[in-house]
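Undergrad: Just one file: my_file-v4.txt, with compact mmCIF, C-alpha atoms.
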# COMPACT_ATOMS: atom_id res chain seq x y z
CA MET I 1 18.18 -4.93 18.68
CA SER I 2 17.53 -8.36 17.17
CA LEU I 3 20.03 -9.53 14.58
CA GLY I 4 17.78 -12.30 13.33
CA PRO I 5 18.36 -16.05 13.42
CA VAL I 6 21.94 -17.28 13.67
CA ARG I 7 23.02 -19.47 10.77
CA PRO I 8 24.09 -22.96 11.90
CA SER I 9 27.80 -23.72 11.74
CA PRO I 10 29.09 -25.61 8.66
CA LEU I 11 29.62 -28.71 10.81
CA VAL I 12 26.02 -28.62 12.06
CA GLU I 13 24.79 -28.16 8.50
CA GLN I 14 26.80 -31.20 7.40
CA VAL I 15 25.27 -33.29 10.17
CA VAL I 16 21.78 -32.02 9.30
CA GLU I 17 22.26 -33.09 5.68
CA ARG I 18 23.62 -36.51 6.68
CA LEU I 19 20.67 -37.15 9.00
CA ARG I 20 18.24 -35.76 6.43
CA ALA I 21 19.65 -38.16 3.82
CA ARG I 22 19.24 -41.13 6.14
CA ILE I 23 15.65 -40.20 6.88
CA ALA I 24 14.83 -39.64 3.21
CA GLY I 25 16.61 -42.89 2.32
CA GLY I 26 14.41 -44.92 4.63
CA GLN I 27 16.89 -45.78 7.36
CA TRP I 28 14.41 -44.37 9.86
CA ALA I 29 10.75 -44.59 8.86
CA VAL I 30 8.05 -42.21 10.02
CA GLY I 31 7.24 -43.01 13.64
CA THR I 32 10.72 -44.39 14.35
CA ARG I 33 12.60 -43.20 17.43
CA LEU I 34 16.05 -41.92 16.53
CA PRO I 35 19.11 -43.22 18.38
CA GLY I 36 20.12 -41.11 21.35
CA GLU I 37 22.44 -38.13 21.07
CA THR I 38 25.43 -40.06 22.40
CA THR I 39 24.95 -42.85 19.86
CA LEU I 40 24.45 -40.42 16.98
CA ALA I 41 27.46 -38.37 18.02
CA LYS I 42 29.69 -41.46 18.05
CA ASP I 43 28.27 -42.69 14.75
CA LEU I 44 28.75 -39.31 13.04
CA GLY I 45 32.07 -38.49 14.66
CA VAL I 46 30.92 -35.23 16.19
CA GLY I 47 30.09 -33.88 19.62
CA ARG I 48 26.71 -34.20 21.33
CA SER I 49 26.15 -30.44 21.13
CA THR I 50 26.49 -30.60 17.35
CA VAL I 51 23.97 -33.43 17.17
CA ARG I 52 21.62 -31.51 19.45
CA GLU I 53 21.73 -28.45 17.17
CA ALA I 54 21.23 -30.60 14.08
CA LEU I 55 18.16 -32.24 15.63
CA ARG I 56 16.74 -28.80 16.41
CA ALA I 57 17.22 -27.84 12.77
CA LEU I 58 15.50 -31.03 11.61
CA ALA I 59 12.63 -30.34 13.99
CA GLY I 60 12.33 -26.84 12.53
CA ALA I 61 12.17 -28.38 9.06
CA GLY I 62 9.29 -30.61 10.17
CA LEU I 63 11.18 -33.89 9.90
CA VAL I 64 11.46 -34.89 13.57
CA ARG I 65 9.74 -34.07 16.83
CA PRO I 66 11.05 -34.52 20.38
CA ARG I 67 8.73 -36.14 22.90
CA GLN I 68 9.30 -35.34 26.54
CA GLY I 69 11.02 -38.25 28.22
CA SER I 70 10.74 -40.49 25.14
CA GLY I 71 13.29 -39.22 22.63
CA VAL I 72 13.18 -37.79 19.15
CA PHE I 73 10.85 -39.34 16.56
CA VAL I 74 10.68 -39.07 12.76
CA ILE I 75 7.42 -37.42 11.67
CA ALA I 76 8.12 -36.89 7.93
CA THR I 77 10.64 -38.02 5.33
CA GLU I 78 10.66 -34.75 3.37
CA SER I 79 10.70 -31.17 4.56
CA ALA I 80 7.52 -29.19 4.07
CA GLU I 81 8.34 -26.60 1.41
CA ASP I 82 7.67 -23.09 2.58
CA TRP I 83 5.36 -20.78 0.64
CA PRO I 84 8.01 -18.36 -0.67
CA ALA I 85 10.10 -21.26 -1.96
CA ARG I 86 7.09 -22.72 -3.72
CA LEU I 87 6.36 -19.40 -5.36
CA ARG I 88 9.95 -19.13 -6.58
CA ARG I 89 9.56 -22.55 -8.21
CA ALA I 90 6.13 -21.91 -9.71
CA ALA I 91 5.52 -20.90 -13.30
CA VAL I 92 4.82 -17.20 -13.49
CA THR I 93 1.58 -17.93 -15.36
CA ASP I 94 0.30 -19.98 -12.42
CA VAL I 95 1.25 -17.26 -9.97
CA TYR I 96 -0.35 -14.64 -12.18
CA GLU I 97 -3.68 -16.49 -12.25
CA VAL I 98 -3.77 -16.61 -8.45
CA ARG I 99 -2.64 -13.00 -8.24
CA ALA I 100 -5.51 -11.97 -10.51
CA ALA I 101 -8.09 -13.63 -8.25
CA LEU I 102 -6.54 -12.04 -5.17
CA GLU I 103 -6.29 -8.55 -6.62
CA VAL I 104 -9.77 -8.47 -8.14
CA HIS I 105 -11.23 -9.25 -4.73
CA ALA I 106 -8.91 -6.73 -3.11
CA ALA I 107 -10.05 -4.05 -5.56
CA ARG I 108 -13.67 -4.75 -4.69
CA LEU I 109 -12.91 -4.44 -0.98
CA ALA I 110 -10.79 -1.34 -1.55
CA ALA I 111 -13.72 0.44 -3.19
CA ARG I 112 -15.87 -0.36 -0.16
CA ARG I 113 -13.33 0.38 2.57
CA ARG I 114 -11.01 3.05 1.20
CA THR I 115 -10.24 6.10 3.26
CA ALA I 116 -9.17 9.51 2.04
CA GLU I 117 -5.60 8.53 2.94
CA ASP I 118 -5.90 5.36 0.85
CA VAL I 119 -7.12 7.30 -2.17
CA ALA I 120 -4.25 9.76 -1.74
CA ALA I 121 -1.77 6.85 -1.60
CA ILE I 122 -3.20 5.32 -4.78
CA GLU I 123 -3.07 8.70 -6.52
CA ALA I 124 0.56 9.09 -5.45
CA ALA I 125 1.35 5.60 -6.73
CA LEU I 126 -0.27 6.40 -10.08
CA ALA I 127 1.81 9.58 -10.27
CA GLY I 128 4.88 7.45 -9.51
CA ARG I 129 3.97 5.06 -12.32
CA ARG I 130 3.64 7.98 -14.72
CA ALA I 131 6.92 9.42 -13.50
CA ALA I 132 8.62 6.14 -14.43
CA VAL I 133 7.56 6.50 -18.06
CA ASP I 134 11.09 7.34 -19.20
CA ALA I 135 12.79 4.84 -16.88
CA ASP I 136 13.86 1.34 -17.84
CA ASP I 137 11.46 -1.60 -17.78
CA THR I 138 12.51 -2.74 -14.30
CA ALA I 139 11.80 0.66 -12.75
CA PHE I 140 8.50 0.88 -14.62
CA VAL I 141 7.44 -2.55 -13.34
CA ASP I 142 8.40 -1.56 -9.79
CA ALA I 143 6.21 1.54 -10.10
CA ASP I 144 3.37 -0.54 -11.53
CA ILE I 145 3.58 -3.02 -8.65
CA ALA I 146 3.63 -0.13 -6.15
CA PHE I 147 0.34 1.09 -7.60
CA HIS I 148 -1.26 -2.34 -7.24
CA ALA I 149 0.13 -2.66 -3.72
CA ALA I 150 -1.57 0.62 -2.80
CA VAL I 151 -4.90 -0.73 -4.04
CA VAL I 152 -4.43 -3.96 -2.08
CA ALA I 153 -3.53 -1.95 1.04
CA ALA I 154 -6.79 -0.01 0.68
CA ALA I 155 -8.71 -3.29 1.12
CA HIS I 156 -7.60 -3.26 4.78
CA ASN I 157 -7.15 -7.02 4.86
CA PRO I 158 -3.71 -7.94 6.23
CA VAL I 159 -3.87 -11.49 4.87
CA LEU I 160 -4.49 -10.24 1.32
CA ALA I 161 -1.69 -7.73 1.75
CA ASP I 162 0.73 -10.41 2.97
CA LEU I 163 -0.17 -12.74 0.10
CA PHE I 164 0.38 -9.99 -2.44
CA THR I 165 3.77 -9.25 -0.90
CA GLU I 166 4.73 -12.91 -1.29
CA PHE I 167 3.81 -12.78 -4.99
CA VAL I 168 5.86 -9.66 -5.74
CA PRO I 169 9.30 -11.21 -6.49
CA VAL I 170 7.89 -13.69 -9.02
CA LEU I 171 5.56 -11.09 -10.53
CA ARG I 172 8.35 -8.58 -10.86
CA GLU I 173 10.56 -10.99 -12.73
CA GLY I 174 7.73 -12.17 -14.97
CA LEU I 175 6.52 -8.68 -15.86
CA VAL I 176 10.01 -7.44 -16.65
CA ASP I 177 10.46 -10.44 -18.95
CA LEU I 178 7.07 -9.76 -20.55
CA LEU I 179 8.03 -6.19 -21.42
CA ALA I 180 11.38 -7.30 -22.81
CA LEU I 181 9.81 -10.01 -24.97
CA THR I 182 6.89 -7.99 -26.32
CA GLY I 183 8.50 -4.57 -26.64
CA LEU I 184 5.21 -3.04 -25.47
CA ARG I 185 6.82 0.12 -24.22
CA ASP I 186 8.56 0.72 -27.53
CA HIS I 187 5.19 1.97 -28.78
CA ASP I 188 3.65 3.33 -25.59
CA ARG I 189 6.04 4.19 -22.77
CA ASN I 190 3.14 4.45 -20.30
CA THR I 191 1.25 1.40 -21.48
CA GLY I 192 -1.88 0.56 -19.47
CA ASP I 193 -2.24 4.06 -18.03
CA ASP I 194 -5.96 4.36 -18.89
CA ALA I 195 -6.78 1.14 -17.01
CA HIS I 196 -4.90 2.30 -13.93
CA GLU I 197 -6.63 5.66 -14.02
CA GLY I 198 -9.97 3.85 -14.32
CA LEU I 199 -9.19 1.67 -11.33
CA LEU I 200 -8.24 4.69 -9.25
CA ARG I 201 -11.50 6.45 -10.14
CA ALA I 202 -13.62 3.37 -9.37
CA VAL I 203 -11.99 2.91 -5.96
CA ALA I 204 -12.23 6.62 -5.15
CA GLU I 205 -15.93 6.69 -6.09
CA GLY I 206 -16.69 3.55 -4.09
CA ASP I 207 -17.84 1.55 -7.11
CA ALA I 208 -16.83 -1.96 -6.06
CA GLU I 209 -18.08 -3.82 -9.11
CA ARG I 210 -16.52 -1.39 -11.57
CA ALA I 211 -13.22 -1.57 -9.68
CA ALA I 212 -13.29 -5.37 -9.90
CA GLU I 213 -14.25 -5.27 -13.57
CA VAL I 214 -11.54 -2.79 -14.52
CA LEU I 215 -8.87 -4.76 -12.71
CA ALA I 216 -10.04 -8.12 -14.05
CA ARG I 217 -9.84 -6.75 -17.58
CA GLU I 218 -6.40 -5.27 -16.97
CA LEU I 219 -4.99 -8.44 -15.44
CA GLU I 220 -6.15 -10.48 -18.40
CA ASP I 221 -3.72 -8.29 -20.35
CA PRO I 222 -1.40 -6.67 -17.78
CA PHE I 223 -0.05 -3.85 -19.90
CA GLY I 224 -2.88 -3.37 -22.36
CA ALA I 225 -1.21 -5.40 -25.10
CA GLY I 226 -4.24 -7.26 -26.36
CA PRO I 227 -6.52 -6.38 -29.26
CA GLU I 228 -8.87 -3.44 -28.86
Please lay out the structure from this file as structure tokens.
TA:
Amino acid sequence: MSLGPVRPSPLVEQVVERLRARIAGGQWAVGTRLPGETTLAKDLGVGRSTVREALRALAGAGLVRPRQGSGVFVIATESAEDWPARLRRAAVTDVYEVRAALEVHAARLAARRRTAEDVAAIEAALAGRRAAVDADDTAFVDADIAFHAAVVAAAHNPVLADLFTEFVPVLREGLVDLLALTGLRDHDRNTGDDAHEGLLRAVAEGDAERAAEVLARELEDPFGAGPE
């Protein structure tokens, strides 16, 4: 059984950060060959094995690249930020706009590709959303997201499904905050239910354009808070 990646030792992490700082500070420009392991080990006051592990970590971060028989070369001065980290940093409004485009297309595909099992899963998710009517806002948002995830899954596009999964943590936080700020559920504990029922029916009936239209309208106003 895999236990996942092993976290580098604190000493290796310290060396990584020291080398990263030197690269970012311009001591070694892009294209520069780093000093050898022995030289770096002596300079940093650590063993060669520690330097070797640190260089592997820097290579994984996209800062350096080993060349067979030539050494290790700097290929970037800043680490490439991974997608989940970028989403965590992004404004929820920006994420929501991209999510809307993704889900509207997914709804259209779901209506064209859904199976009986998909429809049953969406129906179950809608029942779960309704069952969360008396729960707190966090549980209600989780049930709402589960419904949307079932629709995305019915599109049978693994890339869309993976992208939606990446959005979920930021969406969850933003939607919980939205409910807290607006007090929407103070007046309607199952806010947005009609739109979700409409989306289910459109997908089940194979009406791609209606599914896209219903979802686009809902995502403009995620819990039906706007004017009638």
Undergrad: Residues within 6 Å of Val72 in chain I, please, as a CSV table (one decimal) with C-alpha atoms, in the coordinates of the input. Count all atoms listed in the file; anything in the same chain fewer than 2 positions from it doesn't count.
TA:
chain,number,residue,atom,x,y,z
I,33,ARG,CA,12.6,-43.2,17.4
I,34,LEU,CA,16.0,-41.9,16.5
I,65,ARG,CA,9.7,-34.1,16.8
I,66,PRO,CA,11.0,-34.5,20.4
Undergrad: From the options I:Leu55, I:Leu109, I:Leu184, I:Leu19, which residue's atoms come nearest to Asp43 in chain I, counting only C-alpha atoms?
TA: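 Once distances to Asp43 in chain I are computed over only C-alpha atoms, the minimum belongs to I:Leu19.
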Undergrad: Looking at all atoms listed in the file, which of I:Asp177, I:Glu78, I:Glu197, I:Glu205 is the one that sits closest to Thr115 in chain I?
TA: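 Ranked by minimum distance to Thr115 in chain I, first place goes to I:Glu205.
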Undergrad: Where does range 145-176 of chain I meet range 89-108 of chain I within 10 Å, residue by residue, with the nearest atom pair and distance in Å to one decimal for each, counting all atoms listed in the file, listed by chain and rising number, as JSON lines?
TA:
{"residue": "I:His148", "atom": "CA", "partner": "I:Glu103", "partner_atom": "CA", "distance": 8.0}
{"residue": "I:Ala149", "atom": "CA", "partner": "I:Glu103", "partner_atom": "CA", "distance": 9.2}
{"residue": "I:Val151", "atom": "CA", "partner": "I:Ala107", "partner_atom": "CA", "distance": 6.3}
{"residue": "I:Val152", "atom": "CA", "partner": "I:Ala106", "partner_atom": "CA", "distance": 5.4}
{"residue": "I:Ala153", "atom": "CA", "partner": "I:Ala106", "partner_atom": "CA", "distance": 8.3}
{"residue": "I:Ala154", "atom": "CA", "partner": "I:Ala106", "partner_atom": "CA", "distance": 8.0}
{"residue": "I:Ala155", "atom": "CA", "partner": "I:Ala106", "partner_atom": "CA", "distance": 5.5}
{"residue": "I:His156", "atom": "CA", "partner": "I:Ala106", "partner_atom": "CA", "distance": 8.7}
{"residue": "I:Asn157", "atom": "CA", "partner": "I:Ala106", "partner_atom": "CA", "distance": 8.2}
{"residue": "I:Leu160", "atom": "CA", "partner": "I:Leu102", "partner_atom": "CA", "distance": 7.0}
{"residue": "I:Ala161", "atom": "CA", "partner": "I:Ala106", "partner_atom": "CA", "distance": 8.8}
{"residue": "I:Leu163", "atom": "CA", "partner": "I:Leu102", "partner_atom": "CA", "distance": 8.3}
{"residue": "I:Phe164", "atom": "CA", "partner": "I:Arg99", "partner_atom": "CA", "distance": 7.2}
{"residue": "I:Phe167", "atom": "CA", "partner": "I:Val95", "partner_atom": "CA", "distance": 7.2}
{"residue": "I:Val168", "atom": "CA", "partner": "I:Arg99", "partner_atom": "CA", "distance": 9.5}
{"residue": "I:Val170", "atom": "CA", "partner": "I:Val92", "partner_atom": "CA", "distance": 6.5}
{"residue": "I:Leu171", "atom": "CA", "partner": "I:Val92", "partner_atom": "CA", "distance": 6.8}
{"residue": "I:Arg172", "atom": "CA", "partner": "I:Val92", "partner_atom": "CA", "distance": 9.7}
{"residue": "I:Glu173", "atom": "CA", "partner": "I:Val92", "partner_atom": "CA", "distance": 8.5}
{"residue": "I:Gly174", "atom": "CA", "partner": "I:Val92", "partner_atom": "CA", "distance": 6.0}
{"residue": "I:Leu175", "atom": "CA", "partner": "I:Val92", "partner_atom": "CA", "distance": 9.0}
Undergrad: Quick one: write out the picked residues with C-alpha atoms as an mmCIF file, in the coordinates of the input?
TA:
data_model
loop_
_atom_site.group_PDB
_atom_site.id
_atom_site.type_symbol
_atom_site.label_atom_id
_atom_site.label_comp_id
_atom_site.auth_asym_id
_atom_site.auth_seq_id
_atom_site.Cartn_x
_atom_site.Cartn_y
_atom_site.Cartn_z
ATOM 1 C CA HIS I 148 -1.260 -2.340 -7.240
ATOM 2 C CA ALA I 149 0.130 -2.660 -3.720
ATOM 3 C CA VAL I 151 -4.900 -0.730 -4.040
ATOM 4 C CA VAL I 152 -4.430 -3.960 -2.080
ATOM 5 C CA ALA I 153 -3.530 -1.950 1.040
ATOM 6 C CA ALA I 154 -6.790 -0.010 0.680
ATOM 7 C CA ALA I 155 -8.710 -3.290 1.120
ATOM 8 C CA HIS I 156 -7.600 -3.260 4.780
ATOM 9 C CA ASN I 157 -7.150 -7.020 4.860
ATOM 10 C CA LEU I 160 -4.490 -10.240 1.320
ATOM 11 C CA ALA I 161 -1.690 -7.730 1.750
ATOM 12 C CA LEU I 163 -0.170 -12.740 0.100
ATOM 13 C CA PHE I 164 0.380 -9.990 -2.440
ATOM 14 C CA PHE I 167 3.810 -12.780 -4.990
ATOM 15 C CA VAL I 168 5.860 -9.660 -5.740
ATOM 16 C CA VAL I 170 7.890 -13.690 -9.020
ATOM 17 C CA LEU I 171 5.560 -11.090 -10.530
ATOM 18 C CA ARG I 172 8.350 -8.580 -10.860
ATOM 19 C CA GLU I 173 10.560 -10.990 -12.730
ATOM 20 C CA GLY I 174 7.730 -12.170 -14.970
ATOM 21 C CA LEU I 175 6.520 -8.680 -15.860
#
Undergrad: When distances are computed from all atoms listed in the file, which of I:Arg52, I:Asp186, I:Gly25, I:Leu11 shows the smallest separation from Thr38 in chain I?
TA: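 Selected residue with least distance to Thr38 in chain I: I:Arg52.
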Undergrad: Can you tell me how far CA of Leu126 in chain I sits from CA of Phe140 in chain I, in Å to one decimal?
TA: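 One can read the CA of Leu126 in chain I to CA of Phe140 in chain I distance as 11.3 Å.
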Undergrad: Near Val46 in chain I, counting all atoms listed in the file, which residues have an atom at most 12 Å away, once you skip same-chain residues fewer than 3 positions from it, shown as a list in words?
TA: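 Contacts, in chain order: Leu11, Val12, Gln14, Val15, Val16, Glu37, Thr38, Thr39, Leu40, Ala41, Lys42, Asp43, Ser49, Thr50, Val51, Arg52, Glu53 and Ala54 of chain I.
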Undergrad: Would you please work out which residue, of I:Arg56, I:Arg67, I:Arg129, I:Arg210, is nearest to Arg112 in chain I when using all atoms listed in the file?
TA: I:Arg210
